[in-house]
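The file model02.json comes next; it holds JSON, C-alpha atoms and all ligand atoms.
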```json
[["chain", "number", "residue", "atom", "x", "y", "z"],
["A", 1, "MET", "CA", 52.16, 23.49, 29.15],
["A", 2, "ILE", "CA", 52.48, 25.97, 26.28],
["A", 3, "LYS", "CA", 49.60, 28.04, 24.98],
["A", 4, "VAL", "CA", 50.15, 30.39, 22.08],
["A", 5, "ASP", "CA", 47.03, 32.54, 21.91],
["A", 6, "ASN", "CA", 46.40, 34.57, 18.76],
["A", 7, "VAL", "CA", 49.99, 35.74, 18.46],
["A", 8, "SER", "CA", 51.19, 38.12, 15.76],
["A", 9, "MET", "CA", 54.65, 39.57, 15.33],
["A", 10, "ARG", "CA", 56.12, 42.10, 12.96],
["A", 11, "PHE", "CA", 59.50, 43.65, 12.31],
["A", 12, "LYS", "CA", 59.73, 47.09, 10.74],
["A", 13, "LYS", "CA", 56.05, 47.06, 9.75],
["A", 14, "ARG", "CA", 56.45, 43.66, 8.07],
["A", 15, "GLU", "CA", 54.26, 40.91, 9.51],
["A", 16, "VAL", "CA", 56.32, 37.77, 10.24],
["A", 17, "LEU", "CA", 53.70, 35.75, 12.17],
["A", 18, "GLU", "CA", 49.96, 36.29, 12.00],
["A", 19, "ASP", "CA", 47.30, 34.96, 14.39],
["A", 20, "ILE", "CA", 49.22, 31.93, 15.56],
["A", 21, "ASN", "CA", 47.28, 29.62, 17.88],
["A", 22, "PHE", "CA", 48.34, 26.29, 19.33],
["A", 23, "THR", "CA", 48.76, 24.43, 22.58],
["A", 24, "VAL", "CA", 51.37, 21.90, 23.63],
["A", 25, "GLU", "CA", 50.50, 19.38, 26.33],
["A", 26, "SER", "CA", 53.05, 18.70, 29.05],
["A", 27, "GLY", "CA", 55.56, 16.01, 28.07],
["A", 28, "THR", "CA", 54.98, 16.40, 24.32],
["A", 29, "LYS", "CA", 57.84, 16.57, 21.83],
["A", 30, "VAL", "CA", 56.72, 19.08, 19.24],
["A", 31, "GLY", "CA", 58.53, 20.10, 16.08],
["A", 32, "ILE", "CA", 58.07, 23.50, 14.46],
["A", 33, "VAL", "CA", 58.91, 23.28, 10.76],
["A", 34, "GLY", "CA", 59.12, 25.93, 8.06],
["A", 35, "ASP", "CA", 61.37, 27.40, 5.38],
["A", 36, "SER", "CA", 64.17, 29.79, 6.14],
["A", 37, "GLY", "CA", 62.65, 33.13, 7.10],
["A", 38, "SER", "CA", 59.23, 31.64, 7.89],
["A", 39, "GLY", "CA", 59.41, 32.91, 11.48],
["A", 40, "LYS", "CA", 60.39, 29.70, 13.33],
["A", 41, "SER", "CA", 63.16, 31.31, 15.37],
["A", 42, "THR", "CA", 60.92, 34.27, 16.11],
["A", 43, "LEU", "CA", 58.26, 31.89, 17.42],
["A", 44, "ALA", "CA", 60.86, 30.07, 19.54],
["A", 45, "ARG", "CA", 62.06, 33.38, 20.99],
["A", 46, "LEU", "CA", 58.47, 34.41, 21.71],
["A", 47, "ILE", "CA", 57.78, 31.17, 23.60],
["A", 48, "THR", "CA", 60.97, 31.64, 25.60],
["A", 49, "GLY", "CA", 59.96, 35.21, 26.42],
["A", 50, "LEU", "CA", 63.05, 36.62, 24.67],
["A", 51, "ALA", "CA", 60.67, 38.57, 22.44],
["A", 52, "ILE", "CA", 57.24, 40.01, 23.19],
["A", 53, "PRO", "CA", 54.41, 39.51, 20.68],
["A", 54, "ARG", "CA", 52.88, 42.54, 19.01],
["A", 55, "LYS", "CA", 49.48, 40.98, 19.55],
["A", 56, "GLY", "CA", 48.25, 38.01, 21.57],
["A", 57, "GLN", "CA", 49.68, 36.16, 24.56],
["A", 58, "ILE", "CA", 51.87, 33.20, 25.31],
["A", 59, "TYR", "CA", 51.29, 31.17, 28.46],
["A", 60, "LEU", "CA", 53.77, 28.77, 30.00],
["A", 61, "ASN", "CA", 52.27, 26.57, 32.66],
["A", 62, "GLY", "CA", 49.26, 28.90, 32.80],
["A", 63, "VAL", "CA", 51.30, 32.08, 33.33],
["A", 64, "LYS", "CA", 51.94, 34.76, 30.68],
["A", 65, "THR", "CA", 55.61, 34.82, 29.63],
["A", 66, "THR", "CA", 55.61, 38.55, 30.32],
["A", 67, "GLU", "CA", 54.61, 37.97, 33.95],
["A", 68, "TYR", "CA", 57.46, 35.71, 34.96],
["A", 69, "ARG", "CA", 60.42, 37.11, 36.82],
["A", 70, "ARG", "CA", 63.65, 36.22, 35.02],
["A", 71, "LYS", "CA", 64.90, 33.68, 37.56],
["A", 72, "GLU", "CA", 61.52, 31.98, 37.82],
["A", 73, "LYS", "CA", 61.21, 31.81, 34.04],
["A", 74, "SER", "CA", 64.59, 30.15, 33.68],
["A", 75, "LYS", "CA", 63.21, 27.23, 35.71],
["A", 76, "VAL", "CA", 60.25, 26.97, 33.37],
["A", 77, "VAL", "CA", 61.87, 27.36, 29.96],
["A", 78, "GLN", "CA", 65.38, 27.03, 28.57],
["A", 79, "MET", "CA", 66.57, 27.47, 25.02],
["A", 80, "VAL", "CA", 69.37, 25.83, 23.03],
["A", 81, "PHE", "CA", 70.63, 28.02, 20.18],
["A", 82, "GLN", "CA", 71.81, 27.32, 16.67],
["A", 83, "HIS", "CA", 75.42, 28.46, 17.18],
["A", 84, "PRO", "CA", 76.70, 26.26, 20.03],
["A", 85, "GLN", "CA", 79.90, 28.25, 20.70],
["A", 86, "SER", "CA", 77.96, 31.50, 21.03],
["A", 87, "SER", "CA", 76.06, 30.12, 24.04],
["A", 88, "PHE", "CA", 79.27, 30.43, 26.04],
["A", 89, "ASP", "CA", 81.37, 33.39, 27.16],
["A", 90, "GLU", "CA", 84.69, 32.99, 25.36],
["A", 91, "LYS", "CA", 86.67, 34.33, 28.33],
["A", 92, "ARG", "CA", 85.49, 31.79, 30.93],
["A", 93, "LYS", "CA", 86.13, 28.08, 31.29],
["A", 94, "ILE", "CA", 83.17, 25.78, 30.58],
["A", 95, "GLY", "CA", 83.08, 24.46, 34.17],
["A", 96, "TYR", "CA", 82.87, 28.00, 35.54],
["A", 97, "GLN", "CA", 79.99, 28.75, 33.18],
["A", 98, "LEU", "CA", 78.03, 25.65, 34.19],
["A", 99, "GLU", "CA", 78.58, 26.42, 37.88],
["A", 100, "GLU", "CA", 77.42, 29.97, 37.23],
["A", 101, "VAL", "CA", 73.84, 28.61, 37.11],
["A", 102, "GLY", "CA", 74.33, 27.71, 40.78],
["A", 103, "ARG", "CA", 75.74, 31.15, 41.63],
["A", 104, "ILE", "CA", 72.71, 32.83, 40.05],
["A", 105, "HIS", "CA", 70.25, 30.54, 41.81],
["A", 106, "HIS", "CA", 72.16, 30.38, 45.14],
["A", 107, "ARG", "CA", 72.54, 26.62, 44.99],
["A", 108, "ASP", "CA", 75.45, 24.30, 44.52],
["A", 109, "TYR", "CA", 74.95, 22.46, 41.25],
["A", 110, "SER", "CA", 78.34, 20.70, 41.19],
["A", 111, "LYS", "CA", 76.85, 17.26, 42.00],
["A", 112, "GLU", "CA", 74.14, 17.72, 39.38],
["A", 113, "ILE", "CA", 76.75, 18.78, 36.80],
["A", 114, "LYS", "CA", 78.74, 15.60, 37.54],
["A", 115, "ARG", "CA", 75.60, 13.48, 37.37],
["A", 116, "LEU", "CA", 74.53, 14.88, 34.00],
["A", 117, "LEU", "CA", 78.03, 14.55, 32.50],
["A", 118, "ASN", "CA", 78.05, 10.97, 33.69],
["A", 119, "VAL", "CA", 74.56, 10.05, 32.49],
["A", 120, "PHE", "CA", 75.06, 11.62, 29.08],
["A", 121, "LEU", "CA", 78.64, 10.40, 28.67],
["A", 122, "VAL", "CA", 80.29, 13.82, 28.34],
["A", 123, "ASP", "CA", 83.98, 13.96, 29.26],
["A", 124, "ALA", "CA", 84.41, 15.86, 32.55],
["A", 125, "LYS", "CA", 87.81, 17.11, 31.30],
["A", 126, "LEU", "CA", 85.92, 19.55, 29.06],
["A", 127, "MET", "CA", 85.02, 21.51, 32.20],
["A", 128, "ASP", "CA", 88.56, 22.79, 32.33],
["A", 129, "ARG", "CA", 88.59, 24.13, 28.78],
["A", 130, "TYR", "CA", 87.70, 27.48, 27.24],
["A", 131, "PRO", "CA", 84.93, 27.55, 24.59],
["A", 132, "TYR", "CA", 87.50, 27.88, 21.77],
["A", 133, "GLN", "CA", 89.13, 24.63, 22.97],
["A", 134, "ILE", "CA", 86.05, 22.46, 22.40],
["A", 135, "SER", "CA", 84.36, 21.28, 19.20],
["A", 136, "GLY", "CA", 80.96, 22.45, 17.99],
["A", 137, "GLY", "CA", 79.42, 19.09, 18.92],
["A", 138, "GLU", "CA", 80.90, 19.22, 22.43],
["A", 139, "ALA", "CA", 79.72, 22.80, 22.85],
["A", 140, "GLN", "CA", 76.18, 21.83, 21.82],
["A", 141, "ARG", "CA", 76.11, 18.89, 24.27],
["A", 142, "LEU", "CA", 77.39, 21.14, 27.05],
["A", 143, "SER", "CA", 74.89, 23.86, 26.26],
["A", 144, "ILE", "CA", 72.08, 21.29, 26.50],
["A", 145, "ILE", "CA", 73.48, 20.03, 29.82],
["A", 146, "ARG", "CA", 73.61, 23.57, 31.13],
["A", 147, "CYS", "CA", 69.93, 23.99, 30.20],
["A", 148, "LEU", "CA", 69.04, 20.74, 32.01],
["A", 149, "LEU", "CA", 70.61, 21.87, 35.29],
["A", 150, "LEU", "CA", 67.53, 23.87, 36.27],
["A", 151, "LYS", "CA", 65.20, 21.01, 35.28],
["A", 152, "PRO", "CA", 63.09, 23.31, 33.09],
["A", 153, "LYS", "CA", 59.59, 22.22, 32.21],
["A", 154, "VAL", "CA", 60.16, 23.20, 28.58],
["A", 155, "LEU", "CA", 63.34, 22.85, 26.50],
["A", 156, "ILE", "CA", 63.31, 24.72, 23.20],
["A", 157, "MET", "CA", 65.94, 23.92, 20.61],
["A", 158, "ASP", "CA", 66.35, 26.22, 17.63],
["A", 159, "GLU", "CA", 68.03, 24.28, 14.79],
["A", 160, "PRO", "CA", 70.52, 22.80, 17.28],
["A", 161, "THR", "CA", 72.36, 20.77, 14.64],
["A", 162, "SER", "CA", 72.35, 23.03, 11.60],
["A", 163, "MET", "CA", 75.78, 24.53, 12.27],
["A", 164, "LEU", "CA", 77.46, 21.13, 12.73],
["A", 165, "ASP", "CA", 79.04, 18.63, 10.31],
["A", 166, "VAL", "CA", 76.70, 15.88, 9.16],
["A", 167, "SER", "CA", 78.42, 13.17, 11.28],
["A", 168, "VAL", "CA", 78.28, 15.39, 14.37],
["A", 169, "GLN", "CA", 74.62, 16.18, 13.66],
["A", 170, "ALA", "CA", 73.80, 12.49, 14.00],
["A", 171, "GLU", "CA", 75.69, 12.35, 17.33],
["A", 172, "ILE", "CA", 73.75, 15.32, 18.67],
["A", 173, "ILE", "CA", 70.46, 13.75, 17.60],
["A", 174, "ASP", "CA", 71.42, 10.54, 19.44],
["A", 175, "PHE", "CA", 72.33, 12.66, 22.45],
["A", 176, "LEU", "CA", 68.99, 14.43, 22.26],
["A", 177, "LEU", "CA", 67.09, 11.14, 22.04],
["A", 178, "ARG", "CA", 68.84, 10.01, 25.24],
["A", 179, "VAL", "CA", 67.97, 13.30, 26.92],
["A", 180, "GLN", "CA", 64.32, 12.84, 25.90],
["A", 181, "GLU", "CA", 64.33, 9.33, 27.29],
["A", 182, "LYS", "CA", 65.82, 10.27, 30.66],
["A", 183, "GLU", "CA", 64.57, 13.78, 31.38],
["A", 184, "LYS", "CA", 60.84, 14.30, 31.54],
["A", 185, "MET", "CA", 59.96, 17.63, 30.05],
["A", 186, "THR", "CA", 58.23, 19.26, 27.08],
["A", 187, "PHE", "CA", 60.48, 19.54, 24.03],
["A", 188, "VAL", "CA", 60.11, 22.06, 21.23],
["A", 189, "PHE", "CA", 62.38, 21.36, 18.28],
["A", 190, "VAL", "CA", 62.62, 24.06, 15.61],
["A", 191, "SER", "CA", 63.92, 22.93, 12.23],
["A", 192, "HIS", "CA", 63.55, 23.33, 8.48],
["A", 193, "ASP", "CA", 64.05, 19.56, 8.20],
["A", 194, "ILE", "CA", 60.78, 17.62, 8.46],
["A", 195, "GLU", "CA", 62.59, 14.31, 8.29],
["A", 196, "LEU", "CA", 64.75, 15.16, 11.30],
["A", 197, "VAL", "CA", 61.69, 16.38, 13.18],
["A", 198, "SER", "CA", 59.91, 13.10, 12.47],
["A", 199, "HIS", "CA", 62.78, 11.29, 14.26],
["A", 200, "VAL", "CA", 62.78, 13.36, 17.42],
["A", 201, "CYS", "CA", 59.19, 14.58, 17.84],
["A", 202, "ASP", "CA", 55.73, 13.12, 18.21],
["A", 203, "LYS", "CA", 53.81, 16.18, 17.01],
["A", 204, "ILE", "CA", 54.48, 18.68, 14.31],
["A", 205, "ILE", "CA", 53.45, 22.24, 13.45],
["A", 206, "ILE", "CA", 54.21, 23.56, 9.98],
["A", 207, "ILE", "CA", 54.48, 27.29, 9.33],
["A", 208, "ASP", "CA", 54.23, 28.90, 5.92],
["A", 209, "ASN", "CA", 53.40, 32.42, 4.87],
["A", 210, "LYS", "CA", 53.11, 33.68, 8.49],
["A", 211, "GLN", "CA", 50.58, 31.06, 9.53],
["A", 212, "ILE", "CA", 50.22, 27.51, 10.76],
["A", 213, "ILE", "CA", 49.24, 25.48, 7.71],
["A", 214, "GLU", "CA", 49.40, 22.03, 9.23],
["A", 215, "GLU", "CA", 49.35, 20.56, 12.71],
["A", 216, "GLY", "CA", 49.05, 17.03, 14.10],
["A", 217, "THR", "CA", 50.90, 13.91, 15.10],
["A", 218, "ILE", "CA", 53.86, 12.92, 12.93],
["A", 219, "LYS", "CA", 51.81, 10.00, 11.60],
["A", 220, "GLU", "CA", 48.83, 12.22, 10.69],
["A", 221, "VAL", "CA", 50.94, 14.84, 8.97],
["A", 222, "ILE", "CA", 53.19, 12.41, 7.10],
["A", 223, "GLU", "CA", 50.42, 10.03, 6.06],
["A", 224, "GLN", "CA", 47.69, 12.57, 5.35],
["A", 225, "PRO", "CA", 49.21, 15.97, 4.65],
["A", 226, "LYS", "CA", 46.58, 18.58, 3.92],
["A", 227, "SER", "CA", 48.57, 21.27, 2.16],
["A", 228, "THR", "CA", 50.56, 21.13, -1.06],
["A", 229, "TYR", "CA", 53.46, 22.71, 0.80],
["A", 230, "THR", "CA", 53.61, 19.79, 3.26],
["A", 231, "LYS", "CA", 53.12, 17.24, 0.49],
["A", 232, "ASN", "CA", 56.15, 18.68, -1.31],
["A", 233, "LEU", "CA", 58.22, 18.61, 1.88],
["A", 234, "ILE", "CA", 57.34, 14.97, 2.44],
["A", 235, "GLU", "CA", 57.98, 13.98, -1.16],
["A", 236, "SER", "CA", 61.50, 15.38, -0.96],
["A", 237, "PHE", "CA", 62.17, 13.26, 2.09],
["A", 238, "GLU", "CA", 60.63, 10.11, 0.60],
["A", 239, "TYR", "CA", 62.76, 10.69, -2.46],
["A", 240, "PHE", "CA", 65.79, 10.61, -0.19],
["A", 241, "TYR", "CA", 64.85, 7.28, 1.35],
["B", 1, "LIG", "N1", 65.22, 41.34, 15.16],
["B", 1, "LIG", "C1", 64.75, 41.39, 13.91],
["B", 1, "LIG", "N2", 64.65, 42.56, 13.26],
["B", 1, "LIG", "C2", 64.16, 42.65, 12.00],
["B", 1, "LIG", "N3", 63.75, 41.57, 11.29],
["B", 1, "LIG", "C3", 63.83, 40.36, 11.89],
["B", 1, "LIG", "C4", 64.35, 40.20, 13.22],
["B", 1, "LIG", "N4", 64.31, 38.89, 13.55],
["B", 1, "LIG", "C5", 63.82, 38.26, 12.46],
["B", 1, "LIG", "N5", 63.53, 39.12, 11.48],
["B", 1, "LIG", "C6", 62.93, 38.79, 10.16],
["B", 1, "LIG", "O1", 61.77, 38.00, 10.40],
["B", 1, "LIG", "C7", 61.67, 36.94, 9.45],
["B", 1, "LIG", "C8", 61.61, 35.62, 10.20],
["B", 1, "LIG", "O2", 62.86, 35.37, 10.80],
["B", 1, "LIG", "P1", 63.16, 34.06, 11.66],
["B", 1, "LIG", "O3", 64.60, 34.13, 12.07],
["B", 1, "LIG", "O4", 62.16, 33.92, 12.71],
["B", 1, "LIG", "O5", 62.95, 32.92, 10.56],
["B", 1, "LIG", "P2", 63.38, 31.39, 10.56],
["B", 1, "LIG", "O6", 62.23, 30.66, 10.01],
["B", 1, "LIG", "O7", 63.86, 31.01, 11.91],
["B", 1, "LIG", "O8", 64.58, 31.40, 9.54],
["B", 1, "LIG", "P3", 65.97, 30.57, 9.56],
["B", 1, "LIG", "O9", 65.57, 29.12, 9.44],
["B", 1, "LIG", "O10", 66.68, 31.08, 8.35],
["B", 1, "LIG", "O11", 66.65, 30.89, 10.85],
["B", 1, "LIG", "C9", 62.87, 37.08, 8.54],
["B", 1, "LIG", "O12", 62.46, 37.72, 7.37],
["B", 1, "LIG", "C10", 63.85, 37.91, 9.32],
["B", 1, "LIG", "O13", 64.65, 38.68, 8.47]]
```

In structure tokens, how does this file's structure come out?
Amino acid sequence: MIKVDNVSMRFKKREVLEDINFTVESGTKVGIVGDSGSGKSTLARLITGLAIPRKGQIYLNGVKTTEYRRKEKSKVVQMVFQHPQSSFDEKRKIGYQLEEVGRIHHRDYSKEIKRLLNVFLVDAKLMDRYPYQISGGEAQRLSIIRCLLLKPKVLIMDEPTSMLDVSVQAEIIDFLLRVQEKEKMTFVFVSHDIELVSHVCDKIIIIDNKQIIEEGTIKEVIEQPKSTYTKNLIESFEYFY
């Protein structure tokens, strides 16, 4: 479903990612883990086609991200951002912004919006509110629902809980687990938190110093980490529990 082929990226002559290669099979839940500044968000943006690699190619469903037309691509990949409120236009009501997906794609999504709110237990009254009138947790749920409207093949989430209070983080993770159970798609979850990733993913890719240093199933990586970096990450989480 996703093929990252020898991708490098740099900003202002500084290499951020170097020769990154991996594939993600359809239906996989993959976590991308690394320290702050390791290039996780950049990699997420590259997969979504929001950024173009300096070198290499990214294929989604066999097609280069650069070759998709915008509307077509939005049916293939959707991204949930770190700051939930910033996904919405502050001047428009939430309902209007969810229906906007239908206006762009010339289809009436009102039934699908109702269905998703119902399935994922989100209060329909929120549709009538402006972004500043909803909580961060509500905004994140609604931004995920908006992404689901187009039934994308890939849903990428970039630290979707890091801006939320700890109790709300747990709610969003529960919400995400329900989404994963009910909606069949490929999930990419970007996080600095290997423990969180081990709850919501079945595979993991660890990035350090511009490169992939570890890759495998959660079980493989947790039980037999190859690098010292990963061993240290896992020790800190075992220490916690
Ligand atoms: N548009 C940009 N222009 C210049 N430098 C950038 C840009 N985007 C990212 N960078 C730099 O690239 C590096 C990787 O950033 P990135 O946001 O991908 O890391 P990250 O692992 O997602 O970090 P965090 O977890 O803190 O969000 C950082 O040093 C960052 O400052």

Residues of chain A that approach ligand LIG 1 (chain B) to 10 Å or less, counting only C-alpha atoms and all ligand atoms: could you list each one with the shortest pair of atoms and its distance in Å to one decimal, rows by chain and increasing residue number, as a Markdown table?
```
| residue | atom | partner | partner_atom | distance |
| --- | --- | --- | --- | --- |
| A:Met9 | CA | B:LIG1 | O1 | 8.8 |
| A:Arg10 | CA | B:LIG1 | O1 | 7.4 |
| A:Phe11 | CA | B:LIG1 | C2 | 4.8 |
| A:Lys12 | CA | B:LIG1 | C2 | 6.4 |
| A:Lys13 | CA | B:LIG1 | C2 | 9.5 |
| A:Arg14 | CA | B:LIG1 | O1 | 8.1 |
| A:Glu15 | CA | B:LIG1 | O1 | 8.1 |
| A:Val16 | CA | B:LIG1 | O1 | 5.5 |
| A:Leu17 | CA | B:LIG1 | C8 | 8.2 |
| A:Ile32 | CA | B:LIG1 | O6 | 9.4 |
| A:Val33 | CA | B:LIG1 | O6 | 8.1 |
| A:Gly34 | CA | B:LIG1 | O6 | 6.0 |
| A:Asp35 | CA | B:LIG1 | O6 | 5.7 |
| A:Ser36 | CA | B:LIG1 | O10 | 3.6 |
| A:Gly37 | CA | B:LIG1 | O5 | 3.5 |
| A:Ser38 | CA | B:LIG1 | O6 | 3.8 |
| A:Gly39 | CA | B:LIG1 | O4 | 3.2 |
| A:Lys40 | CA | B:LIG1 | O6 | 3.9 |
| A:Ser41 | CA | B:LIG1 | O7 | 3.5 |
| A:Thr42 | CA | B:LIG1 | O4 | 3.6 |
| A:Leu43 | CA | B:LIG1 | O4 | 6.4 |
| A:Ala44 | CA | B:LIG1 | O4 | 7.9 |
| A:Arg45 | CA | B:LIG1 | O4 | 8.3 |
| A:Leu46 | CA | B:LIG1 | O4 | 9.7 |
| A:Ala51 | CA | B:LIG1 | N1 | 9.0 |
| A:Gln82 | CA | B:LIG1 | O11 | 8.6 |
| A:Asp158 | CA | B:LIG1 | O7 | 7.9 |
| A:Glu159 | CA | B:LIG1 | O9 | 7.6 |
| A:Ser162 | CA | B:LIG1 | O9 | 9.4 |
| A:Val190 | CA | B:LIG1 | O7 | 8.0 |
| A:Ser191 | CA | B:LIG1 | O9 | 7.0 |
| A:His192 | CA | B:LIG1 | O9 | 6.2 |
| A:Asp193 | CA | B:LIG1 | O9 | 9.8 |
| A:Ile207 | CA | B:LIG1 | O6 | 8.5 |
| A:Asp208 | CA | B:LIG1 | O6 | 9.2 |
| A:Lys210 | CA | B:LIG1 | C8 | 8.9 |
```

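Within the 8 Å cut-off around region 68-76 of chain A, using all atoms listed in the file and omitting residues fewer than 4 positions from it on the same chain, the listed residues are Leu60, Val63, Lys64, His105, Leu150, Lys151, Pro152, Lys153 and Val154 of chain A.
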
Residues of region 1-91 of chain A within 9 Å of region 136-139 of chain A: nearest atom pair and distance (Å, one decimal) for each, counting all atoms listed in the file, sorted by chain and number, as a Markdown table?
```
| residue | atom | partner | partner_atom | distance |
| --- | --- | --- | --- | --- |
| A:His83 | CA | A:Gly136 | CA | 8.2 |
| A:Pro84 | CA | A:Ala139 | CA | 5.4 |
| A:Gln85 | CA | A:Ala139 | CA | 5.9 |
| A:Ser87 | CA | A:Ala139 | CA | 8.3 |
| A:Phe88 | CA | A:Ala139 | CA | 8.3 |
```

Take the residues just selected and output them with C-alpha atoms as a CSV table (one decimal), in the coordinates of the input.
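Done, and the output landed in part02.csv:
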```
chain,number,residue,atom,x,y,z
A,83,HIS,CA,75.4,28.5,17.2
A,84,PRO,CA,76.7,26.3,20.0
A,85,GLN,CA,79.9,28.2,20.7
A,87,SER,CA,76.1,30.1,24.0
A,88,PHE,CA,79.3,30.4,26.0
```

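Counting from CA of Thr217 (chain A), the distance to CA of Ile204 (chain A) is 6.0 Å.
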
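Distances to Thr161 (chain A) were evaluated for A:Val80, A:Val101, A:Ile52, A:Ile206 using only C-alpha atoms, and the minimum falls at A:Val80.
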
Given the point (80.0, 32.4, 28.9) in the coordinates of this file, which residues lie within 12 Å, counting all atoms listed in the file, and how would they look as a PyMOL selection string? chain A and resi 84-101+129-132+139+142-143+146

Excluding Arg178 (chain A) and its own-chain neighbours fewer than 2 positions away, which residues fall within 12 Å of it when counting all atoms listed in the file? Please give them as a PyMOL selection string. chain A and resi 116+119-121+141+144-145+171-176+180-184+200

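Between CA of Val24 (chain A) and CA of Gly49 (chain A) there is a distance of 16.1 Å.
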
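With only C-alpha atoms as the basis for measurement, A:Cys147 is the residue among A:Val168, A:Cys147, A:Leu233, A:Val4 that approaches Ile113 (chain A) most closely.
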
Would you mind reading off the distance between CA of Lys29 (chain A) and CA of Gln224 (chain A), one decimal, in Å? 19.8 Å

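Of the residues under consideration (A:Leu117, A:Val7, A:Val221, A:Leu148), A:Val7 shows the shortest atom-to-atom contact distance to Phe22 (chain A) when counting only C-alpha atoms.
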
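Considering the residues A:Lys125, A:Thr28, A:Met1, A:Ile104 and counting only C-alpha atoms, Cys201 (chain A) has its shortest atom-to-atom contact with A:Thr28.
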
Please define a box with edges along x, y and z of the file around all atoms of region 124-130 of chain A given in the file, extend it by 4 Å on each side, and return its centre and edge lengths in Å to one decimal, as AutoDock Vina command-line options.
```
--center_x 86.5 --center_y 21.7 --center_z 29.9 --size_x 12.2 --size_y 19.6 --size_z 13.3
```
